[in-house]
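Remarks on the structure that follows.
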Amino acid sequence: MPLNRRKFLQKSAATGAGVAVANAVAAPAAQAAEVTAAKRPAKRYALTVMGTTDLHGHVFNWDYFKDAEYTDKAGNAQGLSRISTLVNRLREEKGRCNTLLLDAGDTIQGTPLTYYYAKVDPITAEGGPVHPMAQAMNAIGYDAAALGNHEFNYGLETLRKFEEQLHFPLLGTNAVDAKTQRPAFPPYFIKKFHVPGLPPVRVAVLGLTNPGIAIWDKAYVQGKLEFPGLEEQAAKWVPKLKSMGADVVIVSAHSGSSGTSSYGDQLPYVENSAALVAQQVPDIDAILVGHAHVEIPELKVVNAKTGKTVVLSEPLAYAERLSVFDVELVFVKGRWTVESVSSKVLNSNTVADDPKITKLLSDEHAKVVKYVNQVVGTATETLTTVEARYKDAPIIDLITKVQEDVVKAALAGTSYASLPVIAQASPFSRTSEIPAGKVTIRDLSSLYVYDNTLVAKLMTGAQLRAYLEYSAEYFVQTAADATVDVEKLTNANNRPDYNYDYVSGLSYDVDIAQAAGSRIKNLTYNGAALDDAQQFVFAVNNYRANGGGAFPHVASATELWSESTEIRTRIAEWVTAKGVLDPKEFASVDWRLTRGGVPVFQSF
C-alpha cells in the first residue's frame, strides 16, 4: 500500500536520566572497565543517501523534439533508466539495506511524455494509465520525494492522482491547507536502518517545496493551498523530528542555494533558500537541493547557531547526475551521532540503460513518439530560433500571432473587443527549428517547451514601456565602438532566456549602449509615438501573468480572460487550421538592437 496516504503520528522521545557518581574517587573495578572501553573500537554505521531532482519527465535518453537519442556538446546522457543502473550499482556495493533514495521535485512536467499522460491519455481518466514517472520511480524503489513547483502545472487533480500512484510519500512540509494551515501533504518520512546488536539508526527526511508555486500556479492553488517559507517551516519541523528520535535529518528541498528570488518582492519568502535553511536551522545533516538546474557536487554551509557543517548537493537536472551522500555515524554514550557527511555526483553517461526500465515503459514511449510525429501542416520555409535572442525572428512572431488571434476571438463581443491586442513571447530554445516541408507536433512543441497557458491582461502604454525597459535588461551593456560577440551579448546578471520578452504590435529599438532602464527608443504604435494613457489587451503566458520573472505591472493588471489550454496546443491548432505555415502571415520586424541609433546588425 502506498506510504503517502498514511498518517504521520508524532511520538515523544524517551529520555534517560544519567546516573550520578556521588564520590570523586571511582572504584578500581570501574577504572578497569573504563580502560577496557577506551581500547574497544567505536561502533560505526555507514549510510548512503542517493538523490535526483528536476527529472522533468525524462525516463530515457531520448529527445522527443528531435526524434533521436539525446546528445549535447558535453556528452551528457539523460533519463531515469540510466539512474536506475547507477542506483543498482551503489546498492550492490553498499548493501541495499544501507541506502536511501530520494528526489527533490519537478517530476511530472517537461517532456512530451509527461504532457501526453496529463492531457492526451490522462492519468485522471476513469481506468486511466499509471503515470510513466510513477511506474519508473516505483520500479527503481524511491523512498521519498519532495514536491516541485512543476508538480502543480496540470492542476491538483492530476497531482493527487500521481501521488496516489506512487509507492512512496510525496513530501511537502510547507504546502499547507489554506484554511487549516496544516500540511496538505506528508511533511516528513522516517526510516529505520537496523544495526546488529545495536539500536536502529533512525533517518528522517523533511520535504520542502517552493514558495513560488503561489505565483506560478496561482490559478490552481489560490484559496486552496499556501506555501510559507522554507526556513520557517524547517525551523518548526526539524526539532519535532529530533524529539521523535531522528539520528539523521536529511532535507529534500525544491529550492536552489543562491539565496535569490526571480519574483522580486512579490512574496515575503526566498525562492532559492536551501543554503539559508542550512545556515539558520540547527540539526540538519544534509540537504538534497533542487529547482535551480545547476550541478553542485558538494557545498558546505556552516550553521550559524551550532557551528556545525551542513553538506548540500544538487545533481544536474533531467537525470543527468545522481547525488550521493556518504553519512558516517558513531555510537557514543548510548546513541547514534553523525560523525561526518560528504557528497559527490555520479554521471549518467558512464552507464547503460537499465533493461528492466526499458522493458517496463517501451509501450508508453512508443505511443508518445507516434503522437509527436503527427503531421499537422506544411512550412514554406525553414524557421529557427538560432538568432532569436538578439534578432526579431519570425519563429517567435508565430507565437505572438497565435496568442493575439486566440485572445481576439475570446474577447469578441465584449466591451474590450475594440482595444488593440498585443502579445509577448520569449525565445525559450536556442535550437528549435521548424523545417521547410512537413510540420509535426514535435516541431511545434520544441518551439514552446513549457506547458504555459494564455491570459489576457489590461495594460497601458506607460506600463508597457516600463515592461519593455525591464525586458531589455537582458542585454549586456555594449559600447558603440565595441566589437559585438553574440555569445556575450545576452543574459546580463544571469537572466535566463525565458525571462526576455518580445512584444508584438509595437515598434521599438533597444539601445544596448545605454544603461539598463533607459534603453527603449523610438517606441511607437501604428506609426505614432506610443500614448502612455492608451489601453491595450496584453496576451501573456500564465507564468508571466502571475509574476514569473518579476516583470513590472503585469501581475497586478486587471485580468480580462484566461484559459487552461496550453499555448503549445493553440499553436498546433492554428497551424493545423491554416494547413500552410507561411511567414508572410505572421512575421514582422517589431524591434531591433541599436547603439546610438545605429543598428547592431546591419541587415535590419
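Note on naming: chains are A, B, ... as they come in the C-alpha cells, residues start from 1 per chain, ligands start from 1 in the order shown.
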Would you give me, as JSON lines, each residue of segment 547-594 of chain A having an atom within 12 Å of an atom of segment 474-477 of chain A, along with its shortest atom pair and that distance in Å to one decimal, using only C-alpha atoms and sorting by chain and residue number?
{"residue": "A:Gly549", "atom": "CA", "partner": "A:Tyr474", "partner_atom": "CA", "distance": 11.4}
{"residue": "A:Phe551", "atom": "CA", "partner": "A:Tyr474", "partner_atom": "CA", "distance": 11.9}
{"residue": "A:Leu593", "atom": "CA", "partner": "A:Phe475", "partner_atom": "CA", "distance": 9.5}
{"residue": "A:Thr594", "atom": "CA", "partner": "A:Gln477", "partner_atom": "CA", "distance": 11.2}
- Item | Residues within 7 Å of Pro186 of chain A, only C-alpha atoms, excluding chain neighbours under 4 positions, as a PyMOL selection string | chain A and resi 4+169-173
Go ahead and write the selection's residues with all heavy atoms as a JSON list (two decimals), in the first residue's frame.
[["chain", "number", "residue", "atom", "x", "y", "z"],
["A", 4, "ASN", "N", 2.25, 7.23, 1.05],
["A", 4, "ASN", "CA", 1.96, 8.65, 1.10],
["A", 4, "ASN", "C", 0.60, 8.98, 1.69],
["A", 4, "ASN", "O", 0.32, 10.12, 2.01],
["A", 4, "ASN", "CB", 2.08, 9.27, -0.29],
["A", 4, "ASN", "CG", 1.19, 8.57, -1.28],
["A", 4, "ASN", "OD1", 1.29, 7.36, -1.45],
["A", 4, "ASN", "ND2", 0.34, 9.31, -1.94],
["A", 169, "PRO", "N", 6.09, 8.26, -0.25],
["A", 169, "PRO", "CA", 5.43, 9.54, 0.04],
["A", 169, "PRO", "C", 5.97, 10.70, -0.77],
["A", 169, "PRO", "O", 7.17, 10.79, -1.06],
["A", 169, "PRO", "CB", 5.71, 9.74, 1.53],
["A", 169, "PRO", "CG", 6.95, 8.97, 1.79],
["A", 169, "PRO", "CD", 6.91, 7.78, 0.88],
["A", 170, "LEU", "N", 5.07, 11.61, -1.12],
["A", 170, "LEU", "CA", 5.39, 12.86, -1.79],
["A", 170, "LEU", "C", 5.32, 13.95, -0.72],
["A", 170, "LEU", "O", 4.24, 14.27, -0.23],
["A", 170, "LEU", "CB", 4.37, 13.10, -2.91],
["A", 170, "LEU", "CG", 4.69, 14.11, -4.01],
["A", 170, "LEU", "CD1", 6.03, 13.80, -4.67],
["A", 170, "LEU", "CD2", 3.57, 14.11, -5.05],
["A", 171, "LEU", "N", 6.48, 14.49, -0.35],
["A", 171, "LEU", "CA", 6.59, 15.33, 0.83],
["A", 171, "LEU", "C", 6.47, 16.81, 0.52],
["A", 171, "LEU", "O", 7.02, 17.29, -0.48],
["A", 171, "LEU", "CB", 7.94, 15.08, 1.52],
["A", 171, "LEU", "CG", 8.29, 13.62, 1.84],
["A", 171, "LEU", "CD1", 9.68, 13.55, 2.44],
["A", 171, "LEU", "CD2", 7.26, 13.00, 2.77],
["A", 172, "GLY", "N", 5.77, 17.53, 1.39],
["A", 172, "GLY", "CA", 5.63, 18.97, 1.21],
["A", 172, "GLY", "C", 5.30, 19.66, 2.51],
["A", 172, "GLY", "O", 4.15, 20.07, 2.73],
["A", 173, "THR", "N", 6.28, 19.77, 3.38],
["A", 173, "THR", "CA", 6.06, 20.38, 4.69],
["A", 173, "THR", "C", 5.42, 21.75, 4.59],
["A", 173, "THR", "O", 4.53, 22.09, 5.37],
["A", 173, "THR", "CB", 7.41, 20.51, 5.44],
["A", 173, "THR", "OG1", 8.01, 19.22, 5.52],
["A", 173, "THR", "CG2", 7.22, 21.07, 6.82]]
Please, which residues in segment 306-422 of chain A fall within 8 Å of segment 86-95 of chain A when counting only C-alpha atoms, and what is the closest atom pair and distance in Å to one decimal for each, ordered by chain then residue number, as JSON lines?
{"residue": "A:Leu322", "atom": "CA", "partner": "A:Leu86", "partner_atom": "CA", "distance": 7.8}
{"residue": "A:Leu346", "atom": "CA", "partner": "A:Leu86", "partner_atom": "CA", "distance": 7.8}
{"residue": "A:Ser348", "atom": "CA", "partner": "A:Leu86", "partner_atom": "CA", "distance": 7.3}
{"residue": "A:Val351", "atom": "CA", "partner": "A:Leu86", "partner_atom": "CA", "distance": 7.1}
- Test item: residues at most 9 Å from Glu151 of chain A, only C-alpha atoms, excluding those fewer than 6 positions along its chain, as a ChimeraX atom specification: /A:105-109,158-159
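Straight-line separation from atom CA of Gly256 of chain A to atom CA of Gly290 of chain A: 5.7 Å.
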- Selected residue, from A:Thr478, A:Thr337, A:Asn522, A:Thr414, that lies nearest to Lys43 of chain A when counting only C-alpha atoms: A:Thr337
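Distance annotation: of A:Asp485, A:Ala425, A:Asn526, A:Arg592, the residue with the minimal separation from Phe538 of chain A is A:Ala425; atom set is only C-alpha atoms.
Taking atom CA of Thr483 of chain A as the reference point, atom CA of Ser429 of chain A is found at 25.2 Å.
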